[in-house]
Amino acid sequence: MVVEILETNAFGPVSRTDLDAWINTFRLPITTVMDPPGVGLRTFMTYGIRETVFIVDLATMRIVRRFNGSVAGIGPSAIAQAVTEVMRLMGG
Amino acid sequence: MRLVRSRIAAGAILLIAAALVACGTATVPPSDSAGADREDVTAAETTPGDDVPLDESPGDDVVSSDVPGDRVVAMDTVIVDAVDVRSMDAPPADTTAGAYPPGPYGIMEGQVLANLDWVGYVNTAGTAISTTLPFGPTSLQALRGSGRGFGIVHVSEFI
């Protein structure tokens, strides 16, 4: 399971137009979602700031590893680190 | 067991041979539009059962077994080709995870990630750009699938 959550638009709520632009810009072939209307910045308030990746054990939903990439866009991204770790966890 | 089967087989062959000889040489053309050279049905066999004596009971023509009825007979070992059991009918596997684990929830390693619901594009195949798929509601629980393996949850921001 891979989920991409577009949680904010410049620290404001995300619209469907924003979501579509996000997907089309990066041609994302993965599940990509946003908060539903009326709940504000729920994901941001619950999961934290951007460029964070959680690797979860789907059986228990416990966070196995957490990676924080740079909000300045410097250095390896959180997702790049996470993919390597997931491959290791799966015995790759 | 093999000796009994051999006797039965031999008896059956003798019966068939006797039936063929006893029915004479007269033949009739087949009625199933087969070639004229296939005149293998004799005149005496045009009606099913004609070759069976009226006073014969079922099993009368079967050679009786030489194995006493109170003995346990070992079955022959039957060897079959290995089959792919995945092709056999089997109960469908459980493809849904159980209820979402209870809290407390958090975002640190070792803690349980909270179940949130969202709207967007569910793309499990990964073969198409997600905007080409239907837009609709989903949740972390729904995305768990079978509950096996690991999941990656990435939060991002549009700037």
# chains A, B, ... in the order shown; residues from 1 in each chain; ligands from 1

call {"tool": "interface_residues", "arguments": {"of": "chain A", "to": "chain B", "cutoff": "8 Å", "atoms": "only C-alpha atoms", "output": "number ranges by chain"}}
result
A: 1-11, 18-20, 22-24, 27-36, 43, 46-66, 79, 82, 86, 90

call {"tool": "select_by_dssp", "arguments": {"residues": "stretch 27-90 of chain A", "states": "alpha helix (DSSP H)", "output": "list of chain:residue names"}}
result
A:Arg42, A:Thr43, A:Phe44, A:Met45, A:Thr46, A:Tyr47, A:Ala78, A:Ile79, A:Ala80, A:Gln81, A:Ala82, A:Val83, A:Thr84, A:Glu85, A:Val86, A:Met87, A:Arg88, A:Leu89

call {"tool": "select_by_dssp", "arguments": {"residues": "chain A", "states": "strand (DSSP E)", "output": "short mmCIF file (atom, residue, chain, number, x, y, z; two decimals) with C-alpha atoms, in the first residue's frame"}}
result
data_model
loop_
_atom_site.label_atom_id
_atom_site.label_comp_id
_atom_site.auth_asym_id
_atom_site.auth_seq_id
_atom_site.Cartn_x
_atom_site.Cartn_y
_atom_site.Cartn_z
CA VAL A 2 1.30 3.43 -0.97
CA VAL A 3 -0.70 6.53 -0.09
CA GLU A 4 0.18 10.08 -1.00
CA ILE A 5 -1.72 12.68 1.02
CA LEU A 6 -1.70 16.25 -0.19
CA GLU A 7 -2.42 17.82 3.16
CA THR A 8 -2.04 21.54 2.57
CA ASN A 9 -1.76 24.15 -0.12
CA THR A 31 -3.27 6.44 -4.51
CA THR A 32 -3.39 10.18 -3.96
CA VAL A 33 -5.87 11.80 -1.63
CA MET A 34 -6.78 14.96 0.26
CA THR A 52 7.08 12.94 6.29
CA VAL A 53 6.79 9.28 5.47
CA PHE A 54 5.43 6.59 7.72
CA ILE A 55 6.15 2.94 7.08
CA VAL A 56 3.37 1.03 8.79
CA ASP A 57 2.84 -2.63 9.48
CA ARG A 62 2.02 0.53 13.97
CA ILE A 63 4.63 2.87 12.63
CA VAL A 64 7.69 0.79 11.91
CA ARG A 65 9.83 3.63 10.62
CA ARG A 66 9.35 7.34 10.17
CA PHE A 67 11.36 9.54 7.85
CA ASN A 68 11.41 13.32 7.70
#

call {"tool": "decode", "arguments": {"residues": "stretch 15-35 of chain A", "atoms": "C-alpha atoms", "output": "compact mmCIF listing (two decimals), in the first residue's frame"}}
result
# COMPACT_ATOMS: atom_id res chain seq x y z
CA SER A 15 -8.99 21.74 -3.42
CA ARG A 16 -9.60 19.08 -6.02
CA THR A 17 -7.95 21.34 -8.57
CA ASP A 18 -4.85 21.38 -6.41
CA LEU A 19 -4.93 17.61 -6.12
CA ASP A 20 -5.28 17.09 -9.86
CA ALA A 21 -2.44 19.51 -10.55
CA TRP A 22 -0.26 17.69 -8.04
CA ILE A 23 -0.93 14.34 -9.66
CA ASN A 24 -0.59 15.52 -13.23
CA THR A 25 2.56 17.51 -12.60
CA PHE A 26 4.38 14.49 -11.23
CA ARG A 27 2.34 11.92 -13.18
CA LEU A 28 1.62 9.99 -10.01
CA PRO A 29 0.41 6.41 -10.50
CA ILE A 30 -0.32 5.87 -6.81
CA THR A 31 -3.27 6.44 -4.51
CA THR A 32 -3.39 10.18 -3.96
CA VAL A 33 -5.87 11.80 -1.63
CA MET A 34 -6.78 14.96 0.26
CA ASP A 35 -8.91 15.87 3.24
